[in-house]
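A.B. asks: So here's run01.cif (mmCIF, C-alpha atoms).
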```cif
data_start
#
loop_
_atom_site.label_atom_id
_atom_site.label_comp_id
_atom_site.auth_asym_id
_atom_site.auth_seq_id
_atom_site.Cartn_x
_atom_site.Cartn_y
_atom_site.Cartn_z
CA MET Y 6 108.68 170.10 168.95
CA ASN Y 7 112.27 169.12 169.76
CA ALA Y 8 113.88 170.48 166.60
CA LYS Y 9 115.57 173.87 166.68
CA LEU Y 10 114.02 176.15 164.05
CA TYR Y 11 115.28 179.35 162.46
CA TYR Y 12 113.26 181.87 160.48
CA ASP Y 13 113.95 185.18 158.71
CA ASP Y 14 114.27 187.03 162.01
CA SER Y 15 117.15 184.71 162.99
CA ALA Y 16 119.14 185.39 159.82
CA ASP Y 17 121.04 188.48 158.68
CA LEU Y 18 122.00 188.83 155.02
CA GLY Y 19 124.61 191.31 156.18
CA TRP Y 20 126.94 188.38 156.83
CA LEU Y 21 127.18 187.98 153.05
CA ALA Y 22 127.63 191.69 152.34
CA GLY Y 23 130.82 192.32 150.40
CA LYS Y 24 131.40 188.58 149.96
CA THR Y 25 131.36 186.54 146.76
CA VAL Y 26 129.56 183.21 146.67
CA ALA Y 27 130.70 180.64 144.09
CA ILE Y 28 128.05 178.13 143.06
CA VAL Y 29 129.78 175.01 141.71
CA GLY Y 30 127.39 173.36 139.29
CA TYR Y 31 124.30 174.69 137.54
CA GLY Y 32 121.83 171.82 137.65
CA SER Y 33 118.56 171.58 139.57
CA GLN Y 34 119.86 173.02 142.85
CA GLY Y 35 122.67 175.09 141.34
CA HIS Y 36 120.47 177.31 139.20
CA ALA Y 37 118.03 177.89 142.08
CA HIS Y 38 120.74 178.82 144.59
CA ALA Y 39 122.53 181.12 142.15
CA LEU Y 40 119.44 182.99 140.98
CA ASN Y 41 117.86 183.28 144.43
CA LEU Y 42 121.09 184.60 145.98
CA ARG Y 43 121.54 187.06 143.13
CA ASP Y 44 117.97 188.32 143.56
CA SER Y 45 118.65 188.68 147.29
CA GLY Y 46 121.49 191.09 146.50
CA VAL Y 47 124.39 188.67 146.97
CA ARG Y 48 127.39 188.73 144.63
CA VAL Y 49 127.35 185.37 142.82
CA VAL Y 50 129.61 183.61 140.34
CA VAL Y 51 129.00 180.20 138.80
CA GLY Y 52 131.83 177.69 138.54
CA ILE Y 53 131.20 175.21 135.76
CA ARG Y 54 132.80 173.63 132.73
CA PRO Y 55 131.85 174.93 129.27
CA GLY Y 56 128.62 173.52 127.88
CA ALA Y 57 124.85 173.88 127.85
CA SER Y 58 124.56 174.58 131.58
CA ALA Y 59 127.27 177.25 131.43
CA ASN Y 60 125.51 178.86 128.47
CA ARG Y 61 122.22 178.84 130.35
CA ALA Y 62 123.79 180.47 133.41
CA ALA Y 63 125.33 183.19 131.23
CA ALA Y 64 122.03 183.76 129.44
CA GLU Y 65 120.39 184.32 132.82
CA GLY Y 66 122.82 187.11 133.56
CA LEU Y 67 125.22 185.29 135.86
CA THR Y 68 129.02 185.51 135.79
CA VAL Y 69 130.42 182.17 134.62
CA MET Y 70 133.96 180.99 135.34
CA SER Y 71 135.91 177.77 135.55
CA VAL Y 72 135.44 175.98 138.86
CA ARG Y 73 139.01 176.83 139.89
CA ASP Y 74 138.69 180.53 139.05
CA ALA Y 75 135.30 180.77 140.75
CA SER Y 76 136.64 179.08 143.89
CA GLU Y 77 139.70 181.32 144.01
CA SER Y 78 137.56 184.46 143.67
CA ALA Y 79 134.99 183.46 146.29
CA ASP Y 80 134.60 183.77 150.02
CA VAL Y 81 131.94 181.04 150.12
CA VAL Y 82 132.06 178.00 147.81
CA MET Y 83 128.79 176.03 147.58
CA VAL Y 84 129.40 172.59 146.08
CA LEU Y 85 126.36 171.47 144.10
CA ALA Y 86 127.92 169.00 141.69
CA PRO Y 87 126.66 165.38 141.81
CA ASP Y 88 127.77 163.45 144.91
CA HIS Y 89 129.99 161.00 143.05
CA LEU Y 90 131.94 163.81 141.35
CA GLN Y 91 132.46 166.07 144.34
CA GLY Y 92 135.61 164.40 145.66
CA ASP Y 93 137.55 164.80 142.42
CA ILE Y 94 136.23 168.31 141.75
CA TYR Y 95 137.20 169.37 145.26
CA GLU Y 96 140.74 167.98 145.08
CA GLN Y 97 141.50 169.19 141.57
CA GLU Y 98 139.67 172.51 141.33
CA ILE Y 99 138.37 173.80 144.67
CA ARG Y 100 140.94 172.96 147.35
CA PRO Y 101 143.85 174.78 145.65
CA GLY Y 102 141.91 178.04 145.77
CA LEU Y 103 140.63 177.86 149.36
CA LYS Y 104 142.02 180.47 151.73
CA PRO Y 105 141.92 180.61 155.54
CA GLY Y 106 138.60 182.07 156.66
CA ASN Y 107 136.74 180.95 153.54
CA ALA Y 108 133.62 178.82 153.81
CA LEU Y 109 132.93 175.53 152.06
CA ALA Y 110 129.22 174.75 151.78
CA PHE Y 111 127.04 171.82 150.74
CA ALA Y 112 123.35 171.11 150.17
CA HIS Y 113 123.77 167.41 151.02
CA GLY Y 114 126.13 165.83 153.51
CA PHE Y 115 127.33 162.81 151.51
CA SER Y 116 130.85 164.00 150.69
CA ILE Y 117 131.62 165.13 154.23
CA ARG Y 118 129.90 162.20 155.97
CA TYR Y 119 131.80 159.64 153.87
CA GLU Y 120 135.04 161.67 153.70
CA GLN Y 121 135.06 162.14 149.95
CA VAL Y 122 135.92 165.75 150.84
CA VAL Y 123 138.25 166.45 153.76
CA PRO Y 124 138.45 170.25 154.21
CA PRO Y 125 141.41 172.08 155.77
CA HIS Y 126 140.90 173.07 159.39
CA ASP Y 127 141.02 176.82 158.73
CA VAL Y 128 137.76 177.11 156.74
CA ASP Y 129 134.13 177.06 157.82
CA VAL Y 130 132.12 174.07 156.59
CA PHE Y 131 128.34 174.27 156.65
CA MET Y 132 125.30 172.79 155.00
CA ILE Y 133 122.07 174.43 153.87
CA ALA Y 134 119.85 171.74 152.34
CA PRO Y 135 116.52 172.83 150.85
CA LYS Y 136 113.96 170.05 151.18
CA ALA Y 137 112.67 170.30 147.62
CA PRO Y 138 113.92 169.95 144.05
CA GLY Y 139 115.67 173.03 142.69
CA HIS Y 140 112.86 174.13 140.38
CA LEU Y 141 110.55 174.39 143.40
CA VAL Y 142 113.20 176.23 145.43
CA ARG Y 143 113.34 178.81 142.65
CA ARG Y 144 109.60 178.99 141.96
CA LEU Y 145 108.60 179.41 145.59
CA TYR Y 146 111.23 182.10 146.07
CA VAL Y 147 109.93 184.05 143.07
CA GLU Y 148 106.38 183.72 144.42
CA GLY Y 149 107.49 185.24 147.74
CA GLN Y 150 107.36 181.95 149.59
CA GLY Y 151 110.15 179.62 150.66
CA THR Y 152 111.32 176.03 150.91
CA PRO Y 153 112.03 174.49 154.32
CA GLY Y 154 115.68 173.64 154.78
CA LEU Y 155 118.21 171.94 157.02
CA LEU Y 156 121.28 173.56 158.56
CA ALA Y 157 124.41 171.82 159.83
CA ILE Y 158 127.83 173.04 160.91
CA HIS Y 159 130.73 170.64 160.39
CA GLN Y 160 133.52 173.11 161.09
CA ASP Y 161 133.44 176.58 162.65
CA ALA Y 162 136.89 177.99 161.95
CA THR Y 163 135.86 181.66 162.10
CA GLY Y 164 133.41 181.46 164.99
CA HIS Y 165 130.65 182.72 162.68
CA ALA Y 166 129.82 179.69 160.56
CA GLU Y 167 126.24 179.56 161.84
CA GLU Y 168 125.57 183.23 161.09
CA LEU Y 169 126.99 182.77 157.61
CA ALA Y 170 124.94 179.62 157.00
CA LEU Y 171 121.73 181.31 158.12
CA ALA Y 172 122.47 184.28 155.88
CA TYR Y 173 122.90 181.85 152.98
CA GLY Y 174 119.64 180.13 153.93
CA LYS Y 175 117.88 183.47 153.94
CA GLY Y 176 119.39 184.35 150.58
CA ILE Y 177 117.83 181.31 148.91
CA GLY Y 178 114.50 181.67 150.73
CA CYS Y 179 114.71 178.80 153.21
CA THR Y 180 114.31 180.87 156.36
CA ARG Y 181 110.96 182.10 155.03
CA ALA Y 182 109.59 178.58 155.61
CA GLY Y 183 111.90 177.54 158.43
CA VAL Y 184 115.33 175.94 158.78
CA ILE Y 185 115.91 172.99 161.12
CA ARG Y 186 119.24 172.36 162.84
CA THR Y 187 120.77 168.95 162.13
CA THR Y 188 124.16 167.35 161.53
CA PHE Y 189 125.88 166.21 158.34
CA ALA Y 190 125.52 162.58 159.47
CA GLU Y 191 121.83 162.85 160.34
CA GLU Y 192 120.93 164.61 157.09
CA THR Y 193 122.90 162.17 154.95
CA GLU Y 194 121.72 158.99 156.58
CA THR Y 195 118.04 159.96 156.76
CA ASP Y 196 118.08 161.33 153.23
CA LEU Y 197 119.55 158.15 151.76
CA PHE Y 198 117.21 155.99 153.83
CA GLY Y 199 114.12 157.93 152.73
CA GLU Y 200 115.13 157.79 149.07
CA GLN Y 201 115.83 154.07 149.11
CA THR Y 202 113.02 152.68 151.24
CA VAL Y 203 110.10 155.05 150.67
CA LEU Y 204 110.34 158.03 148.34
CA CYS Y 205 112.09 156.52 145.30
CA GLY Y 206 112.86 152.85 145.74
CA GLY Y 207 109.96 151.72 147.91
CA ILE Y 208 107.15 153.54 146.16
CA THR Y 209 108.37 152.60 142.67
CA ALA Y 210 108.68 148.91 143.58
CA LEU Y 211 105.21 148.97 145.17
CA ILE Y 212 103.66 150.56 142.07
CA GLN Y 213 105.36 148.08 139.73
CA ALA Y 214 104.29 145.12 141.88
CA GLY Y 215 100.68 146.33 141.98
CA PHE Y 216 100.64 146.92 138.22
CA GLU Y 217 102.11 143.48 137.52
CA THR Y 218 99.61 141.76 139.84
CA LEU Y 219 96.60 143.31 138.10
CA VAL Y 220 97.89 142.66 134.58
CA LYS Y 221 98.79 139.05 135.45
CA ALA Y 222 95.22 138.58 136.71
CA GLY Y 223 93.89 139.65 133.31
CA TYR Y 224 92.97 143.29 133.86
CA GLN Y 225 93.69 145.88 131.19
CA PRO Y 226 97.15 147.49 131.58
CA GLU Y 227 95.60 150.95 131.15
CA ILE Y 228 93.23 150.36 134.07
CA ALA Y 229 96.11 148.94 136.14
CA TYR Y 230 98.16 152.07 135.40
CA PHE Y 231 95.42 154.41 136.62
CA GLU Y 232 94.79 152.42 139.79
CA THR Y 233 98.41 151.95 140.85
CA LEU Y 234 100.30 154.97 139.47
CA HIS Y 235 98.17 157.81 138.09
CA GLU Y 236 96.10 158.27 141.25
CA MET Y 237 99.21 158.16 143.43
CA LYS Y 238 99.68 161.91 142.95
CA LEU Y 239 96.17 162.61 144.25
CA ILE Y 240 96.85 160.61 147.41
CA VAL Y 241 100.33 162.05 147.97
CA ASP Y 242 99.05 165.61 147.50
CA LEU Y 243 96.48 165.04 150.25
CA MET Y 244 99.16 163.70 152.60
CA TYR Y 245 101.53 166.54 151.68
CA GLU Y 246 98.88 169.09 152.61
CA GLY Y 247 97.64 167.54 155.84
CA GLY Y 248 99.37 164.26 156.64
CA PRO Y 249 97.88 160.75 156.43
CA ARG Y 250 94.84 161.86 158.45
CA ALA Y 251 93.87 164.35 155.73
CA MET Y 252 94.14 161.59 153.15
CA TRP Y 253 91.96 159.19 155.15
CA TYR Y 254 89.43 161.98 155.67
CA SER Y 255 89.24 162.69 151.95
CA VAL Y 256 88.90 159.17 150.54
CA SER Y 257 85.82 156.97 150.81
CA ASP Y 258 85.09 154.93 153.93
CA THR Y 259 85.59 151.83 151.80
CA ALA Y 260 89.08 153.00 150.80
CA GLU Y 261 89.88 153.94 154.38
CA TYR Y 262 88.78 150.58 155.81
CA GLY Y 263 90.48 148.60 153.04
CA GLY Y 264 93.68 150.59 153.29
CA MET Y 265 93.88 150.39 157.08
CA THR Y 266 93.26 146.64 157.16
CA VAL Y 267 95.37 145.58 154.17
CA GLY Y 268 98.31 148.02 154.35
CA PRO Y 269 99.83 146.49 157.51
CA THR Y 270 99.66 143.01 155.94
CA LEU Y 271 102.00 144.23 153.18
CA ILE Y 272 104.37 146.29 155.31
CA THR Y 273 105.07 143.61 157.89
CA GLU Y 274 107.58 143.27 160.70
CA ASP Y 275 109.86 141.53 158.20
CA THR Y 276 109.66 144.61 155.98
CA LYS Y 277 110.60 146.82 158.91
CA LYS Y 278 113.53 144.53 159.74
CA ARG Y 279 114.69 144.86 156.14
CA MET Y 280 114.40 148.65 156.47
CA GLY Y 281 116.57 148.43 159.56
CA ALA Y 282 119.19 146.51 157.56
CA VAL Y 283 119.08 149.17 154.84
CA LEU Y 284 119.66 151.87 157.46
CA GLU Y 285 122.60 149.94 158.92
CA ASP Y 286 124.06 149.60 155.42
CA ILE Y 287 123.91 153.40 155.10
CA GLN Y 288 125.26 154.10 158.59
CA ASN Y 289 128.28 151.82 158.27
CA GLY Y 290 129.25 153.30 154.91
CA ASN Y 291 128.72 150.14 152.83
CA PHE Y 292 126.19 151.78 150.50
CA ALA Y 293 128.45 154.79 149.94
CA GLU Y 294 131.40 152.51 149.19
CA ARG Y 295 129.36 150.51 146.66
CA TRP Y 296 128.11 153.68 144.96
CA ILE Y 297 131.58 155.23 144.74
CA ASN Y 298 133.04 151.99 143.37
CA GLU Y 299 130.15 151.68 140.89
CA ASN Y 300 131.09 155.05 139.43
CA ARG Y 301 134.80 154.25 139.35
CA GLN Y 302 134.03 151.10 137.37
CA GLY Y 303 131.95 152.91 134.74
CA ARG Y 304 128.49 152.26 136.24
CA PRO Y 305 127.83 148.78 134.78
CA ARG Y 306 125.15 147.69 137.28
CA PHE Y 307 123.59 151.15 137.47
CA THR Y 308 123.29 151.27 133.68
CA GLN Y 309 121.66 147.82 133.63
CA LEU Y 310 119.20 148.72 136.40
CA ARG Y 311 118.31 152.00 134.73
CA GLN Y 312 117.60 150.20 131.43
CA GLU Y 313 115.47 147.55 133.14
CA ALA Y 314 113.42 150.20 134.91
CA ALA Y 315 112.95 152.24 131.72
CA THR Y 316 111.60 149.24 129.82
CA HIS Y 317 109.11 148.08 132.48
CA PRO Y 318 105.61 147.74 130.93
CA VAL Y 319 104.21 150.45 133.21
CA GLU Y 320 106.44 152.96 131.40
CA ALA Y 321 105.07 152.20 127.92
CA VAL Y 322 101.46 152.26 129.12
CA GLY Y 323 102.05 155.50 131.00
CA ARG Y 324 103.64 157.20 128.01
CA GLU Y 325 100.62 156.37 125.87
CA LEU Y 326 98.07 157.51 128.44
CA ARG Y 327 99.90 160.72 129.33
CA SER Y 328 100.01 161.70 125.66
CA MET Y 329 96.21 161.83 125.74
CA MET Y 330 96.18 164.33 128.63
CA SER Y 331 96.84 167.63 126.88
CA TRP Y 332 97.01 169.54 130.16
CA LEU Y 333 100.04 167.58 131.35
CA LYS Y 334 103.39 169.07 130.52
CA PRO Y 335 105.27 166.22 128.80
CA SER Y 336 108.08 164.80 130.86
CA VAL Y 337 111.49 165.03 129.23
CA VAL Y 338 111.84 161.25 129.39
CA ASP Y 339 108.63 160.74 127.41
CA THR Y 340 110.58 161.90 124.34
CA GLU Y 341 113.27 159.29 124.97
CA VAL Y 342 111.77 155.89 124.18
CA PRO Y 343 114.16 153.20 125.50
CA SER Y 344 115.44 150.60 123.05
#
```
Output the file's structure as structure tokens, nothing else.
C.D. replies:
Amino acid sequence: MNAKLYYDDSADLGWLAGKTVAIVGYGSQGHAHALNLRDSGVRVVVGIRPGASANRAAAEGLTVMSVRDASESADVVMVLAPDHLQGDIYEQEIRPGLKPGNALAFAHGFSIRYEQVVPPHDVDVFMIAPKAPGHLVRRLYVEGQGTPGLLAIHQDATGHAEELALAYGKGIGCTRAGVIRTTFAEETETDLFGEQTVLCGGITALIQAGFETLVKAGYQPEIAYFETLHEMKLIVDLMYEGGPRAMWYSVSDTAEYGGMTVGPTLITEDTKKRMGAVLEDIQNGNFAERWINENRQGRPRFTQLRQEAATHPVEAVGRELRSMMSWLKPSVVDTEVPS
């Protein structure tokens, strides 16, 4: 293995002793970081505007402040607000309170990679990025396990940015599972590429196309849903546990032969060339520029795309079928039927 890995024995929570960590934002990642650090004995404050998230943080026993007050009181400021808001939040509420020797931290490299945040030269800038949604980061920590993470150092003003970052990673449980050294650029570009081509965009488009093909051919939508979406979790779980080989081992020989012969006819060299173009679009900053401009203009295209996705026939069929499975915890969006 070429990657440099760090575990608990490489990290010392003592680097956070006597320091205050401000968690900016209390969403999926924010709540997990704040609660895990607190339970690791770190002094934590949450910087957030008044509202439901602030009330939830207070109810869970955390000290809640405005973002500016939290940043001014902290030695380490972890920015966990949404990517498209980080630039404004930094300029208006975080930067004025930064002091020489402080640390500015991120769980995703977007704002640094695309210069939405340009830190002063006298602060440490590091990234600890858990490779899981926040609810899993919290749950695994509570269970005594951990979430793998990525570490990157953008700026080492104090000479101890790495030690501080590893201490932070230990505080949220990442060094239990292992932390891999990377860069802000590598994390950002690979993360965006994975989301767009495989994990979110690619798999959703593939499911929708398969569903549409079966329904157009006259098969029942409910059967199409099971065959193209419902069973996806079973297959992904097998790959998550043991890679593609474990999946091939577990399915029937018929499925294995069919999958191995047909899959490459769908994901062709043209598909791979398109993936290369997507990666170039990320690397040269064009995607980031479009996304930032989309938000500045009030999200017109994003709103349209979100509505179109929410009203796809696979959503209505899935809602109906999932309501029959009493053991499934209803998704929050199942209570929000699109118009």
A.B. asks: With only C-alpha atoms as the atoms that count, which of Y:Leu326, Y:Leu40, Y:Val122, Y:Met252 lies nearest to Y:Ala64?
C.D. replies: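 Nearest to Y:Ala64: Y:Leu40.
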A.B. asks: Would you compute the distance between atom CA of Y:Val128 and atom CA of Y:Pro105? Give it in Å to one decimal.
C.D. replies: 5.6 Å
A.B. asks: List as a list in words the protein and nucleic acid residues near Y:Glu325, meaning an atom at most 10 Å away when only C-alpha atoms are counted, but skip any in the same chain fewer than 4 places from it.
C.D. replies: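 The residues that qualify are Glu227, Glu320, Ala321, Met329, Met330 and Asp339 of chain Y.
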A.B. asks: Distance atom CA of Y:Trp253-atom CA of Y:Thr266, one decimal place?
C.D. replies: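 Computing it gives 12.8 Å between the two atoms.
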A.B. asks: Show me, as a list in words, the residues that have an atom within 10 Å of Y:Asp127 when counting all atoms listed in the file, minus same-chain residues fewer than 6 positions from it.
C.D. replies: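 The residues satisfying every condition are Leu103, Lys104, Pro105, Gly106, Asn107, Ala108, Gln160, Asp161, Ala162 and Thr163 of chain Y.
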A.B. asks: List the neighbours of Y:Ala16 out to 9 Å using only C-alpha atoms; skip same-chain residues closer than 5 positions along the sequence, and give me the result as a list of chain:residue names.
C.D. replies: Y:Tyr11, Y:Glu168, Y:Leu169, Y:Ala170, Y:Leu171, Y:Ala172, Y:Tyr173, Y:Gly174, Y:Lys175, Y:Thr180
A.B. asks: Do you know which residues the PyMOL selection byres ((chain Y and resi 8) around 10) returns on this file, as a ChimeraX atom specification?
C.D. replies: /Y:6-7,9-11,184-187
A.B. asks: Grab the residues selected above and save them as a compact mmCIF listing (two decimals), in the coordinates of the input with C-alpha atoms.
C.D. replies:
```txt
# COMPACT_ATOMS: atom_id res chain seq x y z
CA MET Y 6 108.68 170.10 168.95
CA ASN Y 7 112.27 169.12 169.76
CA LYS Y 9 115.57 173.87 166.68
CA LEU Y 10 114.02 176.15 164.05
CA TYR Y 11 115.28 179.35 162.46
CA VAL Y 184 115.33 175.94 158.78
CA ILE Y 185 115.91 172.99 161.12
CA ARG Y 186 119.24 172.36 162.84
CA THR Y 187 120.77 168.95 162.13
```
A.B. asks: Pull out every residue that the PyMOL selection byres ((chain Y and resi 32) around 9) matches in the shown coordinates and put them as a ChimeraX atom specification.
C.D. replies: /Y:30-31,33-37,58,85-86,139
A.B. asks: Rounded to one decimal in Å, what is the spacing between atom CA of Y:Leu310 and atom CA of Y:His89?
C.D. replies: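 Between atom CA of Y:Leu310 and atom CA of Y:His89 the gap works out to 17.6 Å.
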A.B. asks: Please determine, counting only C-alpha atoms, which residue among Y:Trp20, Y:Tyr119, Y:Phe216, Y:Tyr12 has the shortest atom-to-atom distance to Y:Trp296.
C.D. replies: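 Distance minimum relative to Y:Trp296 lands on Y:Tyr119.
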A.B. asks: Can you work out which one of Y:Gly52, Y:Gly114, Y:Pro249, Y:Gly92 has the shortest atom-to-atom distance to Y:Asp74, counting only C-alpha atoms?
C.D. replies: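 The closest residue to Y:Asp74 is Y:Gly52.
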A.B. asks: Step by step, work through what the PyMOL selection byres ((chain Y and resi 214) around 12) selects in the shown file, and finish by giving those residues as number ranges by chain.
C.D. replies: Y: 207-213, 215-221, 229-230, 233-234, 271, 317-319
A.B. asks: Do you know which residues are at most 12 Å from Y:Asp196 counting all atoms listed in the file, after dropping those on the same chain fewer than 4 positions away, and could you put them as a list in words?
C.D. replies: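 Contacts, with the query itself left out: Ala112, His113, Gly114, Phe115, Ala134, Pro135, Lys136, Ala137, Leu155, Thr188, Phe189, Ala190, Glu191, Glu192, Glu200, Gln201, Thr202, Val203, Leu204, Cys205, Leu284, Ile287 and Gln288 of chain Y.
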A.B. asks: List every protein, DNA or RNA residue that has an atom no more than 7 Å from (117.5, 178.9, 147.1) in the file's coordinate frame, counting only C-alpha atoms, and report them as a ChimeraX atom specification.
C.D. replies: /Y:37-38,41-42,142-143,176-179
A.B. asks: Of the candidates Y:Asn291, Y:Thr25, Y:Asn300, Y:Ser15, which shows the shortest atom-to-atom distance to Y:Asp80, using only C-alpha atoms?
C.D. replies: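 When distances to Y:Asp80 are compared using only C-alpha atoms, the smallest one comes from Y:Thr25.
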